[in-house]
Amino acid sequence: MVNEPTHAPLLSIVVPVYGVEAYLYQCLESIRADIPAGESDAVELIAVDDASPDGCGDMLRSYALSRDGVRVVHLSSNVGLGLARNAGLDVATGRYVWFVDSDDWLPPGTIAAVLDRLRQHQPDVLMLDHLRVHEDGRREVDASSPLLRGITGVTRLADQPHLLRVQHTAWNKVVRRDFMDELELRFFPGWYEDIPFSHPLLIGAEKISVLDRVCYLYRQGRQGAITSTRSGRHFDAFAQYERLMDWVTQKHPDERLQAELFELMISHYLVVVGNDGRLHPHLRRDFFHRAAAHYRRYLPTGGYPLPPGVTGLKHRLVGRGDWLAYSALRQAHRVAGRLRRPGPVGGADGGPLTADEDPGRGASTGSTRDCGLAPERRDALTVGRLP
């Protein structure tokens, strides 16, 4: 049973919970302890126990019993992150909703800053900055964070199109609940559930506010996180992008927008197919060909801006469905990386991703390298229009 608050709060924070017993208390306390004095009625915390197999359910019961403003939803069966968020959203009463993952946490002062900005700008979407926090305690600025700089008032995506390139997650956005209803947005089942949720928020918003402040600490390298789990469920990304592209075609059929999303989609597929931590080697070829099929299906009639550098070469190879050339390029790029950098290889080998590997990061401005390709194949790839 979920107790209803006596006053409608300004902000509902929804925390889906599954298999995070070691991190749950830190997450919940970072939220609750950060609520400013006199603002307890402005914030409600809703934790959703997604039939967690560890002790999280009992922890949530105990936590809610001894603390006001905490509501718990217990699901009878595991439904996954997206549908667990929906379950929290269904009981949320706040004007705004913020989805916080239960293995992450908030730095001090965040709640006050968020409440202040929501009251000041009353946006459809409030975008937040974050840091990546590694297991050794190292904190890393996300490469897309500079895209949030210098936006002081409310804006729209049409005026700041680069905001579409900020990491497309649910947890870096606080959203007006009625606005979500207007767009008929909910999370879909499966992995990569943020794709058909996060982009439409920015596309449909008339008022976007940006809080240029680190408001979220994003844990890296946790065992069980999908970005570090080898699984065939990474193929879920294709269905999620189909949902996004269908939504854009129906709601916002703009060629420039479609070209931008197309480039982000193909770059994202390249992140997945090139990362040893996500796909077993025997699945990589099939994933590549599924990406090539989406390339042919969604390629804008007027083309799209080809990324520079190695990423641009990979885009062309996906467009041609040339798995053998892609494999050779990938291997050559990895070898070159080992020669350039001492220590563990980054990106696909488990270290930090480079701009060529992460679509949420700044585009490379370097010239195209041959990466060991035969001259005739390299020449074919680096001249002419997009395929």
# chains A, B, ... in the order shown; residues from 1 in each chain; ligands from 1
call {"tool": "residues_around", "arguments": {"residues": "segment 201-204 of chain A", "least_positions_apart": "6", "cutoff": "9 Å", "atoms": "only C-alpha atoms", "output": "PyMOL selection string"}}
result
chain A and resi 124-125+156-158+163-164+175+179-180+183+185+248+251-252+257
call {"tool": "select_by_dssp", "arguments": {"residues": "segment 122-328 of chain A", "states": "helix (DSSP H, G or I)", "output": "ChimeraX atom specification"}}
result
/A:145-148,161-165,177-183,195-204,226-228,232-251,255-273,281-298,309-320,323-328
call {"tool": "select_by_dssp", "arguments": {"residues": "segment 108-163 of chain A", "states": "strand (DSSP E or B)", "output": "MDAnalysis selection string"}}
result
chainID A and resid 125:133 139:141 155
call {"tool": "residues_around", "arguments": {"residues": "Glu44 of chain A", "least_positions_apart": "5", "cutoff": "7 Å", "atoms": "only C-alpha atoms", "output": "list in words"}}
result
Pro9, Leu11, Ser12, Ile13, Gly69 and Val70 of chain A
call {"tool": "write_last_selection", "arguments": {"atoms": "C-alpha atoms", "output": "mmCIF file, in the first residue's frame"}}
result
data_model
loop_
_atom_site.group_PDB
_atom_site.id
_atom_site.type_symbol
_atom_site.label_atom_id
_atom_site.label_comp_id
_atom_site.auth_asym_id
_atom_site.auth_seq_id
_atom_site.Cartn_x
_atom_site.Cartn_y
_atom_site.Cartn_z
ATOM 1 C CA PRO A 9 4.615 18.358 -3.819
ATOM 2 C CA LEU A 11 8.894 17.369 -7.130
ATOM 3 C CA SER A 12 8.485 13.594 -7.122
ATOM 4 C CA ILE A 13 11.738 11.629 -7.205
ATOM 5 C CA GLY A 69 8.008 11.649 2.820
ATOM 6 C CA VAL A 70 9.131 8.226 1.611
#
call {"tool": "residues_around", "arguments": {"residues": "segment 46-61 of chain A", "least_positions_apart": "3", "cutoff": "8 Å", "atoms": "only C-alpha atoms", "output": "ChimeraX atom specification"}}
result
/A:12-21,24,64-65,70-81,84-85,87-88,92
call {"tool": "closest_residue", "arguments": {"among": "A:Ile35, A:Val214, A:Leu126, A:Leu10", "to": "Ala170 of chain A", "atoms": "only C-alpha atoms"}}
result
A:Leu126
call {"tool": "residues_around", "arguments": {"residues": "segment 104-108 of chain A", "least_positions_apart": "6", "cutoff": "9 Å", "atoms": "only C-alpha atoms", "output": "ChimeraX atom specification"}}
result
/A:23-24,26-31,33-34,214-219
call {"tool": "closest_residue", "arguments": {"among": "A:Asp276, A:Asp136, A:Asp90, A:Asp129", "to": "Arg230 of chain A", "atoms": "only C-alpha atoms"}}
result
A:Asp276
call {"tool": "atom_distance", "arguments": {"atom1": "atom CA of Arg297 of chain A", "atom2": "atom CA of Val318 of chain A"}}
result
12.3 Å
call {"tool": "atom_distance", "arguments": {"atom1": "atom CA of Arg320 of chain A", "atom2": "atom CA of Phe288 of chain A"}}
result
10.9 Å
call {"tool": "closest_residue", "arguments": {"among": "A:His268, A:Arg32, A:Arg340, A:Arg243", "to": "Phe287 of chain A", "atoms": "only C-alpha atoms"}}
result
A:His268
